[in-house]
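Data file: protein_11.txt. Format and content: compact mmCIF, C-alpha atoms.
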# COMPACT_ATOMS: atom_id res chain seq x y z
CA MET A 1 90.65 46.53 213.67
CA SER A 2 93.98 47.26 215.33
CA ASN A 3 92.97 50.91 215.18
CA LEU A 4 90.05 50.17 217.46
CA ILE A 5 92.11 48.28 220.06
CA GLY A 6 94.91 50.84 220.05
CA HIS A 7 92.79 53.94 220.12
CA TYR A 8 89.50 53.20 221.86
CA ASN A 9 90.43 54.85 225.13
CA TYR A 10 91.30 58.08 223.28
CA TRP A 11 87.83 57.99 221.78
CA VAL A 12 86.14 57.48 225.17
CA VAL A 13 88.08 60.42 226.59
CA ILE A 14 87.06 62.54 223.59
CA PHE A 15 83.44 61.62 224.31
CA LEU A 16 83.90 62.80 227.91
CA MET A 17 85.45 66.03 226.66
CA MET A 18 82.54 66.68 224.35
CA ALA A 19 80.01 65.95 227.09
CA GLY A 20 81.67 68.57 229.31
CA PHE A 21 81.77 70.98 226.39
CA TYR A 22 78.06 70.38 225.77
CA VAL A 23 77.29 71.34 229.38
CA VAL A 24 79.18 74.61 228.88
CA ILE A 25 77.34 75.70 225.75
CA ALA A 26 73.87 74.22 226.16
CA GLN A 27 72.92 74.56 229.83
CA GLY A 28 71.76 77.91 231.14
CA ASN A 29 72.75 77.92 234.80
CA LEU A 30 76.10 79.65 235.37
CA VAL A 31 77.25 77.35 238.17
CA LYS A 32 76.51 74.28 236.04
CA LYS A 33 78.49 75.81 233.19
CA ILE A 34 81.49 76.12 235.47
CA VAL A 35 81.10 72.47 236.53
CA GLY A 36 81.01 71.51 232.86
CA LEU A 37 84.15 73.52 232.18
CA ASN A 38 85.97 71.68 234.97
CA ILE A 39 84.82 68.31 233.59
CA PHE A 40 86.15 69.38 230.19
CA GLN A 41 89.50 70.30 231.77
CA ALA A 42 89.81 67.00 233.65
CA SER A 43 89.12 65.05 230.45
CA VAL A 44 91.82 66.98 228.58
CA PHE A 45 94.25 66.03 231.33
CA LEU A 46 93.23 62.38 230.91
CA LEU A 47 94.00 62.61 227.21
CA PHE A 48 97.46 64.04 227.80
CA ILE A 49 98.42 61.58 230.52
CA SER A 50 97.26 58.61 228.47
CA MET A 51 99.50 59.81 225.67
CA GLY A 52 102.49 59.69 228.02
CA ASN A 53 101.95 56.15 229.23
CA VAL A 54 104.51 53.51 228.26
CA GLU A 55 103.59 49.84 228.21
CA GLY A 56 105.37 47.90 230.96
CA GLY A 57 106.72 51.07 232.50
CA THR A 58 106.28 52.40 235.99
CA ALA A 59 106.00 55.76 237.69
CA PRO A 60 108.89 58.09 236.82
CA ILE A 61 110.67 57.84 240.18
CA ILE A 62 114.19 56.50 239.81
CA MET A 63 114.49 53.16 241.63
CA GLU A 64 116.91 50.28 241.61
CA GLY A 65 116.34 47.57 239.04
CA VAL A 66 113.74 49.36 236.93
CA THR A 67 114.60 50.09 233.34
CA ARG A 68 111.44 51.41 231.78
CA TYR A 69 109.63 54.49 233.03
CA SER A 70 106.62 56.39 231.84
CA ASN A 71 107.25 59.72 230.20
CA PRO A 72 107.58 62.42 232.88
CA LEU A 73 107.09 65.46 230.68
CA PRO A 74 103.28 65.30 230.31
CA HIS A 75 103.07 64.88 234.10
CA VAL A 76 104.88 68.16 234.66
CA LEU A 77 102.72 70.01 232.16
CA ILE A 78 99.47 68.66 233.60
CA LEU A 79 100.53 69.40 237.19
CA THR A 80 100.86 73.08 236.32
CA ALA A 81 97.63 72.98 234.33
CA ILE A 82 95.60 71.51 237.21
CA VAL A 83 96.69 74.22 239.62
CA VAL A 84 96.10 77.02 237.13
CA GLY A 85 92.68 75.49 236.43
CA VAL A 86 91.61 75.66 240.05
CA ALA A 87 92.79 79.27 240.27
CA THR A 88 90.60 80.14 237.27
CA THR A 89 87.65 78.25 238.76
CA ALA A 90 87.96 80.14 242.04
CA LEU A 91 87.87 83.48 240.23
CA ALA A 92 84.95 82.38 238.04
CA LEU A 93 82.92 81.32 241.09
CA ALA A 94 83.64 84.63 242.80
CA LEU A 95 82.32 86.40 239.69
CA VAL A 96 79.16 84.24 239.78
CA VAL A 97 78.55 85.26 243.40
CA ARG A 98 78.84 88.92 242.46
CA ILE A 99 76.55 88.45 239.43
CA ASN A 100 73.97 86.84 241.69
CA GLU A 101 74.05 89.83 243.99
CA ALA A 102 73.69 92.29 241.14
CA TYR A 103 71.05 90.54 239.01
CA ARG A 104 69.29 88.38 241.65
CA THR A 105 69.64 85.33 239.38
CA VAL A 106 72.22 83.00 237.87
CA GLU A 107 70.26 81.85 234.82
CA GLU A 108 71.79 83.01 231.58
CA ASP A 109 68.59 83.99 229.75
CA GLU A 110 67.23 86.00 232.68
CA ILE A 111 70.48 87.93 232.91
CA HIS A 112 70.36 88.61 229.16
CA GLU A 113 66.76 89.81 229.54
CA GLN A 114 67.70 92.21 232.31
CA ASP A 115 70.57 93.54 230.27
CA THR A 116 68.56 94.23 227.13
CA SER A 117 65.40 95.59 228.75
CA PHE A 118 66.77 99.00 229.67
CA MET B 1 78.27 75.65 269.75
CA SER B 2 79.74 74.24 272.96
CA ASN B 3 76.52 72.63 274.18
CA PRO B 4 77.22 69.09 275.35
CA ALA B 5 73.52 68.23 275.04
CA GLN B 6 73.96 67.97 271.24
CA PRO B 7 75.65 64.62 270.67
CA TYR B 8 76.32 64.97 266.95
CA ASN B 9 78.25 68.16 267.49
CA LEU B 10 80.29 66.47 270.20
CA VAL B 11 81.32 63.65 267.87
CA LEU B 12 82.40 66.19 265.23
CA ARG B 13 84.42 68.19 267.69
CA VAL B 14 86.29 65.22 269.14
CA ALA B 15 86.99 63.72 265.72
CA ALA B 16 88.22 67.06 264.38
CA LYS B 17 90.48 67.57 267.35
CA MET B 18 92.13 64.22 266.67
CA LEU B 19 92.31 64.59 262.90
CA ILE B 20 93.62 68.13 262.47
CA PRO B 21 97.13 67.52 263.87
CA LEU B 22 97.44 64.35 261.79
CA ILE B 23 96.43 66.24 258.66
CA MET B 24 99.05 68.89 259.35
CA MET B 25 101.74 66.28 259.96
CA PHE B 26 100.84 64.54 256.72
CA ALA B 27 101.06 67.83 254.87
CA LEU B 28 104.54 68.43 256.24
CA TYR B 29 105.54 64.88 255.30
CA VAL B 30 104.36 65.36 251.73
CA GLN B 31 106.14 68.71 251.51
CA PHE B 32 109.53 67.48 252.58
CA HIS B 33 109.43 64.11 250.84
CA GLY B 34 108.65 65.53 247.44
CA GLU B 35 112.08 64.53 246.24
CA THR B 36 111.94 60.80 246.90
CA GLY B 37 108.28 60.09 246.30
CA PRO B 38 105.18 61.72 244.90
CA GLY B 39 104.42 65.04 246.46
CA GLY B 40 105.88 68.50 246.53
CA GLY B 41 104.76 71.98 247.34
CA PHE B 42 101.33 72.17 245.75
CA GLN B 43 99.83 69.06 247.26
CA ALA B 44 101.27 69.86 250.68
CA GLY B 45 99.89 73.41 250.59
CA VAL B 46 96.38 72.22 249.75
CA ILE B 47 96.40 69.53 252.46
CA PHE B 48 97.59 72.03 255.05
CA ALA B 49 94.83 74.44 254.06
CA ALA B 50 92.33 71.58 254.37
CA ALA B 51 93.21 71.30 258.07
CA PHE B 52 92.31 74.95 258.58
CA ILE B 53 89.11 74.56 256.59
CA LEU B 54 88.08 71.59 258.74
CA TYR B 55 88.69 73.65 261.84
CA ALA B 56 86.54 76.47 260.46
CA LEU B 57 83.74 74.07 259.56
CA VAL B 58 83.53 72.42 262.97
CA PHE B 59 84.31 75.28 265.34
CA GLY B 60 82.87 78.25 263.46
CA MET B 61 84.31 81.20 261.61
CA GLY B 62 85.02 83.21 264.75
CA ALA B 63 87.40 80.61 266.14
CA ALA B 64 88.98 80.14 262.73
CA ARG B 65 89.53 83.88 262.37
CA ALA B 66 91.24 83.93 265.76
CA VAL B 67 93.68 81.27 264.55
CA ALA B 68 94.26 82.74 261.08
CA PRO B 69 93.70 86.53 261.01
CA ASP B 70 93.71 88.12 257.60
CA ARG B 71 96.78 90.33 257.79
CA PRO B 72 99.30 87.53 258.55
CA LEU B 73 97.65 85.41 255.84
CA ARG B 74 98.17 88.05 253.20
CA VAL B 75 101.76 88.58 254.33
CA LEU B 76 102.39 84.82 254.12
CA ALA B 77 100.93 84.63 250.62
CA ALA B 78 103.28 87.31 249.38
CA PHE B 79 106.20 85.87 251.34
CA GLY B 80 106.08 82.56 249.47
CA VAL B 81 106.34 84.22 246.08
CA LEU B 82 109.12 86.49 247.33
CA LEU B 83 111.03 83.49 248.70
CA TYR B 84 110.89 81.81 245.32
CA ALA B 85 112.05 84.90 243.43
CA GLY B 86 114.62 85.60 246.14
CA VAL B 87 116.29 82.23 245.55
CA GLY B 88 116.57 83.15 241.88
CA LEU B 89 118.05 86.54 242.68
CA ALA B 90 120.47 85.03 245.21
CA SER B 91 121.80 82.69 242.57
CA MET B 92 122.29 85.68 240.28
CA LEU B 93 124.18 87.48 243.04
CA ALA B 94 126.37 84.40 243.55
CA GLY B 95 127.51 84.52 239.96
CA GLY B 96 125.18 82.22 238.03
CA ASN B 97 122.06 82.76 235.96
CA PHE B 98 118.60 83.36 237.35
CA LEU B 99 117.39 80.23 239.21
CA GLU B 100 120.63 78.33 238.68
CA TYR B 101 120.89 76.53 241.99
CA GLY B 102 124.31 75.01 241.46
CA VAL B 103 126.13 78.19 242.50
CA LEU B 104 124.32 78.59 245.84
CA ALA B 105 126.68 76.29 247.74
CA ALA B 106 130.22 75.00 247.39
CA GLU B 107 129.19 71.82 245.63
CA HIS B 108 126.83 71.63 242.69
CA LEU B 109 124.61 68.90 244.16
CA THR B 110 124.31 70.61 247.57
CA GLY B 111 123.29 73.81 245.85
CA GLN B 112 120.64 71.93 243.86
CA HIS B 113 119.20 70.34 247.00
CA LEU B 114 119.14 73.66 248.83
CA GLY B 115 117.53 75.48 245.94
CA ILE B 116 114.82 72.87 245.38
CA PHE B 117 114.07 72.71 249.12
CA LEU B 118 113.65 76.48 249.39
CA ILE B 119 111.46 76.90 246.35
CA GLU B 120 109.17 74.02 247.30
CA LEU B 121 108.82 75.67 250.71
CA GLY B 122 107.88 78.95 249.04
CA VAL B 123 105.31 77.20 246.85
CA GLY B 124 103.79 75.41 249.84
CA ILE B 125 103.48 78.58 251.91
CA THR B 126 101.84 80.55 249.12
CA VAL B 127 99.39 77.79 248.19
CA THR B 128 98.34 77.33 251.84
CA ALA B 129 97.77 81.03 252.44
CA VAL B 130 95.88 81.60 249.18
CA MET B 131 93.57 78.61 249.65
CA ILE B 132 92.68 79.76 253.17
CA ILE B 133 92.12 83.33 251.93
CA ILE B 134 89.78 82.14 249.18
CA PHE B 135 87.80 79.90 251.51
CA PHE B 136 87.37 82.61 254.14
CA ALA B 137 86.28 85.12 251.49
CA PHE B 138 83.55 82.72 250.28
CA ALA B 139 82.47 81.79 253.79
CA GLU B 140 82.10 85.29 255.14
CA ARG B 141 80.22 86.72 252.19
CA GLY B 142 76.75 85.57 253.23
CA VAL B 143 77.02 86.64 256.85
CA ARG B 144 74.17 88.90 257.80
CA PRO B 145 75.14 91.87 259.98
CA MET C 1 88.10 49.78 231.43
CA ILE C 2 85.64 49.91 234.27
CA LEU C 3 86.81 53.33 235.42
CA LEU C 4 86.10 54.82 232.02
CA GLY C 5 82.58 53.38 232.17
CA PHE C 6 81.99 54.99 235.58
CA LEU C 7 83.26 58.30 234.25
CA THR C 8 80.84 58.16 231.31
CA VAL C 9 77.87 57.43 233.56
CA THR C 10 78.84 60.31 235.86
CA VAL C 11 79.06 62.80 233.01
CA LEU C 12 75.69 61.74 231.60
CA ALA C 13 74.13 62.16 235.04
CA VAL C 14 75.63 65.66 235.34
CA ILE C 15 73.95 66.66 232.09
CA ARG C 16 70.54 65.34 233.12
CA LEU C 17 70.25 66.43 236.76
CA ARG C 18 68.81 69.77 237.84
CA ASP C 19 69.61 69.68 241.55
CA LEU C 20 72.89 71.59 241.70
CA PHE C 21 74.03 70.04 244.95
CA ALA C 22 73.95 66.61 243.32
CA VAL C 23 75.79 68.00 240.31
CA VAL C 24 78.63 69.29 242.48
CA MET C 25 78.86 65.96 244.32
CA LEU C 26 79.00 64.14 240.99
CA PHE C 27 81.80 66.45 239.92
CA GLY C 28 83.71 65.45 243.04
CA ILE C 29 83.17 61.79 242.16
CA TYR C 30 84.32 62.48 238.59
CA SER C 31 87.50 64.13 239.83
CA PHE C 32 88.26 61.27 242.18
CA LEU C 33 87.69 58.66 239.45
CA ALA C 34 90.02 60.62 237.19
CA ALA C 35 92.65 60.52 239.95
CA ALA C 36 92.24 56.72 240.18
CA LEU C 37 92.67 56.53 236.41
CA PHE C 38 95.83 58.59 236.67
CA VAL C 39 97.24 56.07 239.14
CA THR C 40 96.65 53.19 236.73
CA LEU C 41 98.39 55.26 234.05
CA ASP C 42 101.52 55.55 236.28
CA ALA C 43 101.09 59.29 236.93
CA VAL C 44 101.23 59.36 240.73
CA ASP C 45 102.10 63.05 241.22
CA VAL C 46 99.28 64.10 238.92
CA ALA C 47 96.84 61.78 240.68
CA PHE C 48 97.80 63.27 244.04
CA THR C 49 97.27 66.81 242.79
CA GLU C 50 94.03 66.04 240.98
CA ALA C 51 92.55 64.29 244.01
CA THR C 52 93.40 67.10 246.44
CA VAL C 53 92.71 70.03 244.14
CA GLY C 54 89.82 68.75 242.04
CA ALA C 55 87.87 66.67 244.51
CA GLY C 56 88.89 68.91 247.40
CA ILE C 57 89.23 72.59 246.69
CA ALA C 58 87.14 72.92 243.52
CA SER C 59 84.15 70.98 244.91
CA PHE C 60 84.41 72.95 248.11
CA LEU C 61 84.33 76.32 246.38
CA MET C 62 81.38 75.22 244.25
CA LEU C 63 79.47 74.25 247.39
CA GLY C 64 80.31 77.65 248.86
CA THR C 65 78.94 79.29 245.74
CA LEU C 66 75.77 77.22 245.96
CA ALA C 67 75.32 78.39 249.55
CA LEU C 68 75.44 81.97 248.32
CA THR C 69 73.24 81.52 245.22
CA VAL C 70 70.51 79.08 244.23
CA ARG C 71 70.02 75.40 244.87
CA ARG C 72 68.12 74.19 241.79
CA GLU C 73 68.42 74.90 238.12
CA LYS C 74 65.48 76.37 236.27
CA ALA C 75 63.73 73.96 233.90
CA ARG C 76 64.46 74.57 230.23
CA PRO C 77 61.40 74.35 228.00
CA THR C 78 63.00 73.53 224.65
CA ARG C 79 65.81 71.19 223.65
CA ALA C 80 68.28 72.99 221.41
CA LEU C 81 69.66 71.09 218.46
CA LEU C 82 72.47 73.45 217.54
CA PRO C 83 74.72 72.67 220.54
CA LEU C 84 74.41 68.94 219.81
CA LEU C 85 75.47 69.55 216.21
CA VAL C 86 78.44 71.69 217.24
CA VAL C 87 79.56 69.15 219.83
CA SER C 88 79.27 66.19 217.46
CA SER C 89 81.19 67.90 214.68
CA VAL C 90 84.00 68.93 217.03
CA GLY C 91 84.11 65.40 218.44
CA ALA C 92 84.21 63.86 214.98
CA THR C 93 87.07 66.14 213.99
CA LEU C 94 89.03 65.16 217.09
CA VAL C 95 88.46 61.45 216.47
CA TYR C 96 89.65 61.92 212.90
CA GLY C 97 92.75 63.58 214.32
CA THR C 98 93.53 60.67 216.60
CA LEU C 99 93.61 58.15 213.77
CA ASP C 100 97.16 59.19 212.96
CA MET C 101 98.41 58.89 216.50
CA PRO C 102 100.60 55.98 217.64
CA HIS C 103 98.89 53.21 219.55
CA PHE C 104 98.16 53.66 223.21
CA SER C 105 101.25 53.06 225.43
CA ASP C 106 103.49 52.28 222.49
CA PRO C 107 107.09 52.49 223.75
CA LEU C 108 108.39 53.47 220.31
CA ALA C 109 106.20 56.54 219.93
CA PRO C 110 108.22 59.62 218.91
CA VAL C 111 107.29 61.47 222.09
CA HIS C 112 109.28 59.00 224.18
CA LEU C 113 112.44 59.06 222.09
CA THR C 114 113.82 62.60 222.01
CA VAL C 115 113.80 64.67 225.21
CA ALA C 116 112.40 62.31 227.86
CA PRO C 117 115.29 59.78 227.92
CA HIS C 118 117.74 62.62 228.58
CA TYR C 119 115.73 63.77 231.59
CA LEU C 120 115.29 60.24 232.91
CA GLU C 121 118.99 59.46 232.70
CA ALA C 122 120.45 62.78 233.79
CA ALA C 123 118.07 63.83 236.54
CA ALA C 124 119.61 61.75 239.29
CA GLN C 125 123.16 62.88 238.57
CA GLU C 126 122.57 66.51 237.80
CA THR C 127 120.04 67.35 240.50
CA GLY C 128 120.35 64.57 243.08
CA VAL C 129 116.58 64.12 243.25
CA ALA C 130 114.96 60.72 242.66
CA ASN C 131 111.52 61.98 241.66
CA VAL C 132 112.01 63.00 238.03
CA VAL C 133 108.78 65.01 237.96
CA THR C 134 109.95 67.16 240.89
CA ALA C 135 113.39 67.52 239.30
CA VAL C 136 111.93 68.75 236.02
CA LEU C 137 109.36 70.96 237.74
CA ALA C 138 111.75 72.59 240.21
CA SER C 139 115.10 72.56 238.49
CA TYR C 140 114.95 72.12 234.74
CA ARG C 141 111.73 74.11 234.27
CA GLY C 142 111.86 76.19 237.43
CA TYR C 143 110.90 79.38 235.64
CA ASP C 144 107.49 77.97 234.67
CA THR C 145 106.84 76.99 238.27
CA LEU C 146 107.58 80.57 239.30
CA GLY C 147 104.89 81.70 236.87
CA GLU C 148 102.50 79.14 238.31
CA VAL C 149 103.00 80.42 241.86
CA ILE C 150 102.37 83.95 240.65
CA VAL C 151 99.13 82.79 239.00
CA ILE C 152 97.92 81.30 242.29
CA PHE C 153 98.81 84.49 244.12
CA THR C 154 96.94 86.56 241.53
CA ALA C 155 93.87 84.36 241.90
CA GLY C 156 93.93 84.98 245.64
CA LEU C 157 94.22 88.72 245.00
CA GLY C 158 91.33 88.60 242.54
CA VAL C 159 89.02 86.76 244.93
CA LEU C 160 89.91 89.22 247.67
CA ALA C 161 89.14 92.14 245.36
CA LEU C 162 85.81 90.63 244.30
CA LEU C 163 84.48 89.25 247.53
CA GLY C 164 86.34 91.38 250.07
CA TYR C 165 85.77 91.18 253.77
CA ARG C 166 82.89 93.60 254.18
CA LYS C 167 80.23 91.87 256.20
CA ASN C 168 77.42 94.22 255.30
CA ARG C 169 75.99 92.44 252.25
CA LYS C 170 72.47 91.28 252.90
CA LYS C 171 71.21 88.36 250.81
CA PRO C 172 68.16 89.47 248.78

Starting from the file, lay out its structure as structure tokens.
Amino acid sequence: MSNLIGHYNYWVVIFLMMAGFYVVIAQGNLVKKIVGLNIFQASVFLLFISMGNVEGGTAPIIMEGVTRYSNPLPHVLILTAIVVGVATTALALALVVRINEAYRTVEEDEIHEQDTSF
Amino acid sequence: MSNPAQPYNLVLRVAAKMLIPLIMMFALYVQFHGETGPGGGFQAGVIFAAAFILYALVFGMGAARAVAPDRPLRVLAAFGVLLYAGVGLASMLAGGNFLEYGVLAAEHLTGQHLGIFLIELGVGITVTAVMIIIFFAFAERGVRP
Amino acid sequence: MILLGFLTVTVLAVIRLRDLFAVVMLFGIYSFLAAALFVTLDAVDVAFTEATVGAGIASFLMLGTLALTVRREKARPTRALLPLLVVSSVGATLVYGTLDMPHFSDPLAPVHLTVAPHYLEAAAQETGVANVVTAVLASYRGYDTLGEVIVIFTAGLGVLALLGYRKNRKKP
């Protein structure tokens, strides 16, 4: 079962991803959907960073006497991704506020009802 | 808001007055030590904006607006992006490619340090201004006339 | 690991709860636990950014949205089976995809052997910066960081355009 020992943390992170994805597609409240989307994003970042880890290595800051570092390239990618993610979340939340003012609700099925009942 | 008969508000005000300068100092430390430790422009910008948000939470939006009016904030947000692109253009004017910092100074390493310092500063300024703008936009939306 | 167990419990609680204030607080806890996990995985810059941005700004904006909208979620009468099926099939496909991956933290994985050693060895001499992540972000891949700053600026513009500064919106 070396597959299990070497891969189990990838599988746990995939479970977290799928739980966040489930919140996005199954729950009806718009604000909760956005929370689920952010949980999904954070789990994807966990997956990437755990792929860049090197056993026995340390943080990629050059110091005296250290020979093995973790891979810095996933860190750079995820740093950009986190900041872009919060920019998207801010815009999505602003849209939810405007939807609430226009439709008087943030539940998905009530909004759909109001749209199709004209 | 300035009623000393409300003890919980007094504790918040005193604690905020002591914490806000420390938060700003820490943000500046993170900004300028991004080269030798973890940190850099993004984290420093967010921490600096957090100081302003704390001020707005404890002392009210009116006082926060007096400290950070909207026109200078918008100018600062644009200025950070322009600083970043300006460093790239300056290196093109000095003979190199876009964003090649080595040609900005006489020595290659000095040019690199100068270029990285300036662009991290631009990133920090823009992130601070944009985070404060977003927070103020959310906070003032529900104000009844 | 213990942190992964906490994360799982937090996500399950987010699915079950209907009080949105508690959901946003749990999201803040989730973000902070993810930052702690990043520290144990030797990603200190990423942990710093995730803690400030995820547990700070994102939770804060969600609370601001809650103040402008509703506090509780409406109760759903039925339990849909289709989303569970979709989620399980996607998850099973992803797990099948990870079976070919190298073991966790294997130093001989192909991703560590081609580009990363060059950056680790050359960053100190070519840029004079000790933090390799900052060197790559600001010097080797500086163009992408310019795009990132423009994205943040555009988000600020978008929020300004949507929520403006007019103070004459009455809550219904």

Excluding range 40-51 of chain A and residues on its chain fewer than 3 positions from it, collect all residues at most 8 Å away from it, counting all atoms listed in the file, and give them as an mmCIF file with C-alpha atoms, keeping the file's coordinate frame.
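Final file, around-v6.cif:
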data_model
loop_
_atom_site.group_PDB
_atom_site.id
_atom_site.type_symbol
_atom_site.label_atom_id
_atom_site.label_comp_id
_atom_site.auth_asym_id
_atom_site.auth_seq_id
_atom_site.Cartn_x
_atom_site.Cartn_y
_atom_site.Cartn_z
ATOM 1 C CA TYR A 10 91.300 58.080 223.280
ATOM 2 C CA VAL A 13 88.080 60.420 226.590
ATOM 3 C CA ILE A 14 87.060 62.540 223.590
ATOM 4 C CA LEU A 16 83.900 62.800 227.910
ATOM 5 C CA MET A 17 85.450 66.030 226.660
ATOM 6 C CA MET A 18 82.540 66.680 224.350
ATOM 7 C CA ALA A 19 80.010 65.950 227.090
ATOM 8 C CA GLY A 20 81.670 68.570 229.310
ATOM 9 C CA PHE A 21 81.770 70.980 226.390
ATOM 10 C CA GLY A 36 81.010 71.510 232.860
ATOM 11 C CA LEU A 37 84.150 73.520 232.180
ATOM 12 C CA PRO A 74 103.280 65.300 230.310
ATOM 13 C CA HIS A 75 103.070 64.880 234.100
ATOM 14 C CA ILE A 78 99.470 68.660 233.600
ATOM 15 C CA GLY A 85 92.680 75.490 236.430
ATOM 16 C CA SER C 31 87.500 64.130 239.830
ATOM 17 C CA ALA C 34 90.020 60.620 237.190
ATOM 18 C CA PHE C 38 95.830 58.590 236.670
ATOM 19 C CA LEU C 41 98.390 55.260 234.050
ATOM 20 C CA ALA C 43 101.090 59.290 236.930
ATOM 21 C CA PHE C 104 98.160 53.660 223.210
ATOM 22 C CA SER C 105 101.250 53.060 225.430
#

Shell around range 76-85 of chain B at 8 Å using all atoms listed in the file, local window under 5 positions removed, as a PyMOL selection string: (chain B and resi 118-119+121-130) or (chain C and resi 146+149-150+153)

Given only C-alpha atoms as the counted atoms, nearest of C:Pro83, C:Gly97, C:Gly128, C:Gly28 to chain A: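 With only C-alpha atoms as the atom set, the closest residue is C:Pro83.
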
Selection near Phe48 in chain C, 8 Å with only C-alpha atoms, sequence-local residues under 3 positions removed, as a PyMOL selection string: (chain B and resi 38-39+43) or (chain C and resi 35+44-45+51-52)

Separation of CA of Val129 in chain C from CA of Glu35 in chain B, in Å and rounded to one decimal: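 These two atoms are separated by 5.4 Å.
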
Length of the CA of Thr67 in chain A to CA of Ala138 in chain C vector [Å]: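 Interatomic distance, CA of Thr67 in chain A to CA of Ala138 in chain C: 23.7 Å.
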
Contact set, chain A to chain B: 12 Å, all atoms listed in the file, as a list of chain:residue names: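 Applying the cut-off to the listed atoms yields A:Ala59, A:Pro60, A:Ile61, A:Ile62, A:Met63, A:His75, A:Val76, A:Leu79, A:Thr80, A:Ile82, A:Val83, A:Val84, A:Val86, A:Ala87, A:Thr89, A:Ala90, A:Leu91, A:Leu93, A:Ala94, A:Leu95, A:Val96, A:Val97, A:Arg98, A:Asn100, A:Glu101.
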
Using all atoms listed in the file, find each residue in chain C having at least one atom no more than 7 Å away from chain A; report its shortest atom-to-atom pair and that distance in Å (one decimal), rows by chain then rising number, as CSV.
residue,atom,partner,partner_atom,distance
C:Thr8,CA,A:Leu16,CA,6.5
C:Val11,CA,A:Ala19,CA,6.8
C:Ile15,CA,A:Val23,CA,6.4
C:Phe27,CA,A:Val35,CA,6.9
C:Leu41,CA,A:Asn53,CA,6.1
C:Asp42,CA,A:Ala59,CA,4.7
C:Ala43,CA,A:Ala59,CA,6.1
C:Val44,CA,A:Ala59,CA,6.7
C:Val46,CA,A:Leu79,CA,5.7
C:Thr49,CA,A:Leu79,CA,7.0
C:Glu50,CA,A:Ile82,CA,6.8
C:Ala58,CA,A:Val86,CA,6.3
C:Leu61,CA,A:Ala90,CA,6.8
C:Thr65,CA,A:Val97,CA,6.4
C:Leu68,CA,A:Val97,CA,6.7
C:Thr69,CA,A:Asn100,CA,6.4
C:Glu73,CA,A:Asn29,CA,6.2
C:Pro83,CA,A:Ala26,CA,5.9
C:Val87,CA,A:Met18,CA,6.0
C:Gly91,CA,A:Met18,CA,6.2
C:Val95,CA,A:Trp11,CA,6.4
C:His103,CA,A:Gly6,CA,4.7
C:Phe104,CA,A:Gly6,CA,5.3
C:Ser105,CA,A:Val54,CA,4.3
C:Asp106,CA,A:Val54,CA,6.0
C:Pro107,CA,A:Val54,CA,5.3
C:His112,CA,A:Asn71,CA,6.4
C:Ala116,CA,A:Asn71,CA,6.2
C:Ala130,CA,A:Ile62,CA,5.2
C:Asn131,CA,A:Ile61,CA,4.5
C:Val132,CA,A:Ile61,CA,5.7
C:Val133,CA,A:Pro72,CA,5.8
C:Leu137,CA,A:Val76,CA,6.1
C:Glu148,CA,A:Thr80,CA,6.6
C:Val151,CA,A:Val84,CA,6.8
C:Ile152,CA,A:Ala87,CA,5.9
C:Ala155,CA,A:Ala87,CA,5.5
C:Gly158,CA,A:Leu91,CA,6.6
C:Val159,CA,A:Leu91,CA,5.8
C:Leu162,CA,A:Ala94,CA,6.6
C:Leu163,CA,A:Ala94,CA,6.7

Restricting the output to C-alpha atoms, write the selected residues as a CSV table (one decimal), keeping the file's coordinate frame.
chain,number,residue,atom,x,y,z
C,8,THR,CA,80.8,58.2,231.3
C,11,VAL,CA,79.1,62.8,233.0
C,15,ILE,CA,74.0,66.7,232.1
C,27,PHE,CA,81.8,66.4,239.9
C,41,LEU,CA,98.4,55.3,234.0
C,42,ASP,CA,101.5,55.6,236.3
C,43,ALA,CA,101.1,59.3,236.9
C,44,VAL,CA,101.2,59.4,240.7
C,46,VAL,CA,99.3,64.1,238.9
C,49,THR,CA,97.3,66.8,242.8
C,50,GLU,CA,94.0,66.0,241.0
C,58,ALA,CA,87.1,72.9,243.5
C,61,LEU,CA,84.3,76.3,246.4
C,65,THR,CA,78.9,79.3,245.7
C,68,LEU,CA,75.4,82.0,248.3
C,69,THR,CA,73.2,81.5,245.2
C,73,GLU,CA,68.4,74.9,238.1
C,83,PRO,CA,74.7,72.7,220.5
C,87,VAL,CA,79.6,69.2,219.8
C,91,GLY,CA,84.1,65.4,218.4
C,95,VAL,CA,88.5,61.4,216.5
C,103,HIS,CA,98.9,53.2,219.6
C,104,PHE,CA,98.2,53.7,223.2
C,105,SER,CA,101.2,53.1,225.4
C,106,ASP,CA,103.5,52.3,222.5
C,107,PRO,CA,107.1,52.5,223.8
C,112,HIS,CA,109.3,59.0,224.2
C,116,ALA,CA,112.4,62.3,227.9
C,130,ALA,CA,115.0,60.7,242.7
C,131,ASN,CA,111.5,62.0,241.7
C,132,VAL,CA,112.0,63.0,238.0
C,133,VAL,CA,108.8,65.0,238.0
C,137,LEU,CA,109.4,71.0,237.7
C,148,GLU,CA,102.5,79.1,238.3
C,151,VAL,CA,99.1,82.8,239.0
C,152,ILE,CA,97.9,81.3,242.3
C,155,ALA,CA,93.9,84.4,241.9
C,158,GLY,CA,91.3,88.6,242.5
C,159,VAL,CA,89.0,86.8,244.9
C,162,LEU,CA,85.8,90.6,244.3
C,163,LEU,CA,84.5,89.2,247.5

Of the listed residues C:Tyr30, C:Tyr140, C:Tyr96, C:Phe60, that which approaches Thr127 in chain C most closely, counting all atoms listed in the file: C:Tyr140

Long-range neighbours of Ala27 in chain B as a PyMOL selection string, 8 Å cut-off, all atoms listed in the file, 2 positions minimum in chain: chain B and resi 23-25+29-31+43-45+47-48
